[in-house]
Structure formats: structure tokens, C-alpha cells
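Below is one structure; the comments refer to it alone.
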Amino acid sequence: MRIKRLRDKLLLSAVAISVVVALASMLAVSFVIRQQHLDQSNALLHKAARIIDVSLAERKENQLTASRRLATQNNLGSTIWYLAQYAQSDVDRETLFNTYQQLVRDTYKIGRAAKFYKTGVYDAAGNLVSFSLLDKEDELVGFVERFPTPMFQVASLKESEEVSRKTLMSTSSVAKINSKFNTPLPAQESVHYALVDGLLAIESHVPILDAVFDTKTGRQEIKQLGLVVTVQSLDQAFVDQLSRLSDIEINIFSPQGLSRGTLAAYRQPEWSDVQSALTAKKSALTFNEVSIDGMGFYQCMIPLFSDKQLVGTIVALHSKDVVQKDNWQMMKTLGLIALACLIFIFPFAWYFANSISRPLTTLSRVFRDVAGGKRVETMNEELSQLANGKNRDDELGDLTQSFMAMVDAVKQKIAQINELNASLESRVEKSTAQLRTANAELVRLANIDVLTGLYNRRAFFEIASLAHAQTKRSKRELTLIMLDIDNFKSINDHFGHPAGDEVLRQIGHQLAITARESDTAARYGGEEFVVLATDAGMAEGVFLAERIRDAMKTIKVTGAGHVITPTASLGIACLRPGETFEQLCARADSALYLAKQAGRDRVVEAS
């Protein structure tokens, strides 16, 4: 009876231990999995924050580039100065109108190409000269005539429609357009976040600089003649693009509430977390949890500043339902595994308990027989069974044999696992090598222009920034050459884009073989190229530029049955003491512009 109770205790103990181990394993695995999902959510939000930062930086850079293009093209400074001098008088109104009309076309063209919400050109007195307002509801362009009284000349354009006298109409004011820049014109270009018409946007200011005759000094001087103001809304298309790239919900808020978003139910975030983080001088990114319409989200708030003032925030939201659903699925899977383990363990525990209790029962019976006076000789058979239990096919022998078989099986499994680990390590090494090769190719594609094989604009600016910093420390000279292909649009129009691409490839090849090893040649964009010559002054730069111009004469490209010999205009600028690289680029660009004005196919030095 006591042996039976021992068997039952062994059986119950095995079952109880199995249940406790199964529950503890389920809880531990559930906690680990939940923590992994939380870490994945946090990593996903960090990735979304990086994507948002990169997208905003690209928008700012593209906006500044387009604004600079408007501020420097077609003698804009001289045009604004001319209009400021003569628009107040009744002289040659037809010429004035044509000037206004061309300025409006340039403003509209740049604004539409860059997808600006607003574009405004102001003169030196802060008066609006021309503008464009391009939103989904309407496309308005026009200018402001100031004789005899200020009056807007406005055209509402349709797709591919041009500005003309027929499309223009007069009005005293235009909604959402200010006829005056109410603060002093900024002398430095800038790009910042701002609230425009109640919505969050990126606003840029680019001064318009040009040479004018100074009556006091009796010579021409570079002065600020106006300002280009552009506004690019952080619109729904931008929000949708971020949501696609990061695979999460994106909402943009101003202090007044929702500006744009993919989650319409989320109207107003809690700004106190952002303010407290900034006050404590912690990371600008704020991570927390929020409930929207009864649904939980993990939230990352990215603040947007203008002159250290918080003007808005971008919120990235990842649904907690995904994590909870994955946890529930895993718990069900673990429950099924635990149940299957119990079903398997119970008969095994029964067999194990009996295999222990039966030999003990035999031994107990032998002890009782001896205590009852039974002769030992009559129990030889049972004693022999106990003595030879390891070698017999009974419970004790089965236990021993099963144990040895289990050891052999474990050894086999360990050998298999070692082989599998070796195979996995080999695969990991191979995959790592492939990833390194792919990463190297991605880095190359990110820095090289595919068509010409030269550095692209991004890589050029990184190299140029480093060269500029080294030049400042070593007091060495630095010269920038800007090259623009003459009449490149005509080549594309008359001979086709394949011929135009071949011209670009040939010029890229000539730049690569003509420039010195220490020089950096790059495709600046479109038909524009640059060469950055280190340890070279103006004389060496002019010599190199003339070599490049001579090398271009060897280029022969066939298109539409004709042989094309392209020419180029080149502008050269040498770095001055204390001058920034952006100022060096601006002077080289101005020299390039003068070369084109002087008849193209020539080299002009910057003043």
C-alpha cells in the first residue's frame, strides 16, 4: 500500500512539475516576445523619424535650389531695379508691361516646377512685384502695377495656359497674397518652418543680388535689389508619401491643431511632453503612448522649429493592436504546445512511476518473506531477478536500456545540431559578404552620376565642404570652375534625348581625363558641370578651363544624321579669405552667367 502511494506521489509530482514549467515558460516567452515587439515598434518609429528628417532636409534643399535659380536667372535684379525706377512714371507702358509679363512667366514656371504653394518676388523697398499662388483650388499668377495707384494684375491659369493680356484682370487685392514684405528684407538666405494660411509649411528667403551703378562711388557694385520668398506646404501628398515610406500613420500639427494627416481622428496632440523634453534639454524626439478613439498607439513626436521657436510637430503613430495581436497569437500557440506536452508527459510519467515502484515492490516482498521466517533459498529466483535487473528485459532493465538509448539519441542530436550550426554559420558568412558587396554598390550609386560616371551633386558638396575646411586651415588656394553646355535644350529638341545624353557622357569623359588627379569633377545638375581645383589660383584655374574648352572641341556626337560639336560657357572663381563655399559658388555662377551673356563658348573670371 505504501509502495502504491509512492507511485501516486511520483506521478502527481511529475504532472505538477510539468504544469508549472509549462506555465512559467509561457509567461517568460510571452514577456520576451512582447518586449521584442515593443523594441520593434520603437525601432520602427526611430526609422520613421529618420525618414521624416531626410525627407524634410531634401525638401528644404530642393526649395533653396529652386529659389536660388529664380533669384539668379534672366537678370532678375536688373529687372526689379528697372521696374522700381520706372514703374512709378508714365513712360513706355508697353515695355513695362512686357517686362512684368516675362517676370510673371519666370515666377510661375519656377513655382510650378518646384511645386511651390506660394512664390513672391519683392523689390528692395519690400514691395511685391510678381507672384504665383498654386494650390488645388486655383492657380493664380500676376504682378503689381504701381502707376498711378498700386493695382494687382491677376491671371487664373489652367494647365499649359500662358500669361497674356487676355488672361489678366485688375483687382485691388488678392486673398492670401501680401502686397508688402512687412519686415526689413533679410540679407542672408534662409529656409525655415512657418504657419502659412493656418497650415504648416516650409518658407525660404533668398536675396536677389546684382551689380548696379553707384552714383556716389562712380562704379558698379553688388547690392541687394530684392527678395524671393517661396512657400512649400507640408501637404497631404507629403504626408501620404511619408506614410508609404515608413509604413505607419503620419499626422502634422500646428499649435492650433491638425494641419495634415492620415489619421483623421487624431486632431490635437499633447504638447507638454515636447515642451518638458526641450526644457530639460533632452532629445528633441519624444516617444510615448496615446489612445485615439479607444485604440492604442505608440507615438513619436518630431518638433519643428523656426528661430528656436516651436511652430509645429510631425507625429508618427504605430498601432498597438499589431503588438497585442501578435502576443495573443503567440500565447495560443504556446498553450497548444503546453497541452501537447502534458498529453505526452502523462503516460510517460505513469510508465516512469511504475518502473520505479515494481522493483521496489519485489524487494519489499522479499523483505516481508524474510521477516516472516521464509527460507532465503526459496527466494533465489526473485533475488536473482533483482541482481540481474540491468541485463534483463524487465522494468529495471528497460529503464537502464532506455536511459542509455536516450544518451545515444542525445549524442546524435547534438551532432546534428553541430552540423546545422556549421551550415548556418557558412550561410551567414556568405550572406554577410553579399550584403557588404550590395552596400558598397549602394554607396557608389548614391555618390556617382549614372549617366556621366562623375560625382553627383550630393557627393560634390561633401567633397567641397571638406576641401574648403582644409583650405581654411592650410591657407592654400581653392578655385571653382562652373561649366554649362551652350544651347543644350536645342540639342535635345532637334537631335533627340539619346544624342543629348551622349553629349553629357562625352563631356563627363573629357572632364575626367582633363582634370588633374587632385581636382574633383562632378555633374552639378542637368547640363551643368563643376570642377573644384585644389592648390590652384586664378591663373591655374583659367589654364584648366581653357584646356577643358579645347577638349570639348574634340567631341563629335551623331544625332538625326548630323554631327554635333557642343560648346560650353565657363565661369571661374577663386576663394577669397573668409569667404564661404556658397559665396564662392555664387560668384562662379555669376561669372558663368556673364560668359553666356557675352556670346557663350568662352571663359569668364569672377570679379
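Ligands are numbered from 1 in the order shown, chains are lettered A, B, ... in the order of the C-alpha cells, and residues start at 1 in each chain.
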
Strand (DSSP E) per DSSP on the backbone: members of region 449-481 of chain A, as an MDAnalysis selection string: chainID A and resid 478:481

Non-local contacts of Lys556 (chain A) (12 Å; only C-alpha atoms; under 3 positions in same chain excluded) as a PyMOL selection string: chain A and resi 499-500+502-507+510+551-553+559+562-567

What does the distance from CA of Ala265 (chain A) to CA of Val231 (chain A) come to in Å, to one decimal?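 About the pair CA of Ala265 (chain A) and CA of Val231 (chain A): they are 27.5 Å apart.
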
Long-range neighbours of Asn75 (chain A) as number ranges by chain, 12 Å cut-off, only C-alpha atoms, 5 positions minimum in chain: A: 69-70, 80-82, 99, 102-103, 106, 208-212, 225, 590, 593-594, 596-597

Taking C-alpha atoms for each residue, export the selection above as a PDB file, in the first residue's frame.
ATOM      1  CA  ARG A  69      17.527  79.635 -59.589  1.00  0.00           C
ATOM      2  CA  LEU A  70      14.709  82.181 -59.717  1.00  0.00           C
ATOM      3  CA  ILE A  80      13.430  94.591 -60.484  1.00  0.00           C
ATOM      4  CA  TRP A  81      15.653  97.693 -60.317  1.00  0.00           C
ATOM      5  CA  TYR A  82      14.331  98.838 -63.696  1.00  0.00           C
ATOM      6  CA  THR A  99       8.812  93.177 -68.566  1.00  0.00           C
ATOM      7  CA  GLN A 102       8.113  87.920 -68.584  1.00  0.00           C
ATOM      8  CA  LEU A 103       8.806  88.185 -64.847  1.00  0.00           C
ATOM      9  CA  ASP A 106       9.508  83.050 -64.828  1.00  0.00           C
ATOM     10  CA  ILE A 208      18.326  88.982 -55.115  1.00  0.00           C
ATOM     11  CA  LEU A 209      21.824  90.332 -55.743  1.00  0.00           C
ATOM     12  CA  ASP A 210      23.057  92.120 -58.849  1.00  0.00           C
ATOM     13  CA  ALA A 211      25.518  94.753 -59.987  1.00  0.00           C
ATOM     14  CA  VAL A 212      24.162  98.341 -60.092  1.00  0.00           C
ATOM     15  CA  LEU A 225      17.863  94.559 -55.113  1.00  0.00           C
ATOM     16  CA  SER A 590      27.643  84.870 -61.854  1.00  0.00           C
ATOM     17  CA  TYR A 593      26.125  83.898 -66.469  1.00  0.00           C
ATOM     18  CA  LEU A 594      28.360  86.702 -67.812  1.00  0.00           C
ATOM     19  CA  LYS A 596      26.673  83.264 -71.612  1.00  0.00           C
ATOM     20  CA  GLN A 597      25.695  86.929 -71.937  1.00  0.00           C
TER      21      GLN A 597
END

As a ChimeraX atom specification, list the residues of region 2-199 of chain A assigned to helix (DSSP H, G or I) by DSSP on the backbone atoms of this structure. /A:2-72,76-86,93-113

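With distances restricted to only C-alpha atoms, A:Asn62 is the closest residue to Ser204 (chain A) from A:Asn62, A:Ser173, A:Gln268, A:Asn127.
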
Between A:Ile513, A:Leu451, A:Gly541, A:Thr580, which is the closest to Ala469 (chain A) once you count only C-alpha atoms?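 Counting only C-alpha atoms, the residue closest to Ala469 (chain A) is A:Thr580.
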
Pick out the residues sitting within 9 Å of Glu528 (chain A), and hand them over as a CSV table (one decimal) with N, CA and C atoms, in the first residue's frame; count only C-alpha atoms, and ignore anything fewer than 5 positions along from it in its own chain.
chain,number,residue,atom,x,y,z
A,482,MET,N,32.7,76.5,-63.1
A,482,MET,CA,31.3,76.1,-63.4
A,482,MET,C,31.2,76.1,-64.9
A,483,LEU,N,30.6,75.0,-65.5
A,483,LEU,CA,30.5,74.8,-66.9
A,483,LEU,C,29.1,74.5,-67.3
A,484,ASP,N,28.5,75.2,-68.3
A,484,ASP,CA,27.2,75.0,-68.7
A,484,ASP,C,27.2,74.8,-70.3
A,485,ILE,N,26.6,73.7,-70.7
A,485,ILE,CA,26.6,73.4,-72.2
A,485,ILE,C,25.7,74.4,-72.9
A,522,ALA,N,32.4,67.0,-61.3
A,522,ALA,CA,31.1,66.5,-60.9
A,522,ALA,C,30.1,67.0,-61.8
A,523,ARG,N,29.0,66.3,-62.0
A,523,ARG,CA,27.8,66.8,-62.7
A,523,ARG,C,26.9,67.5,-61.7
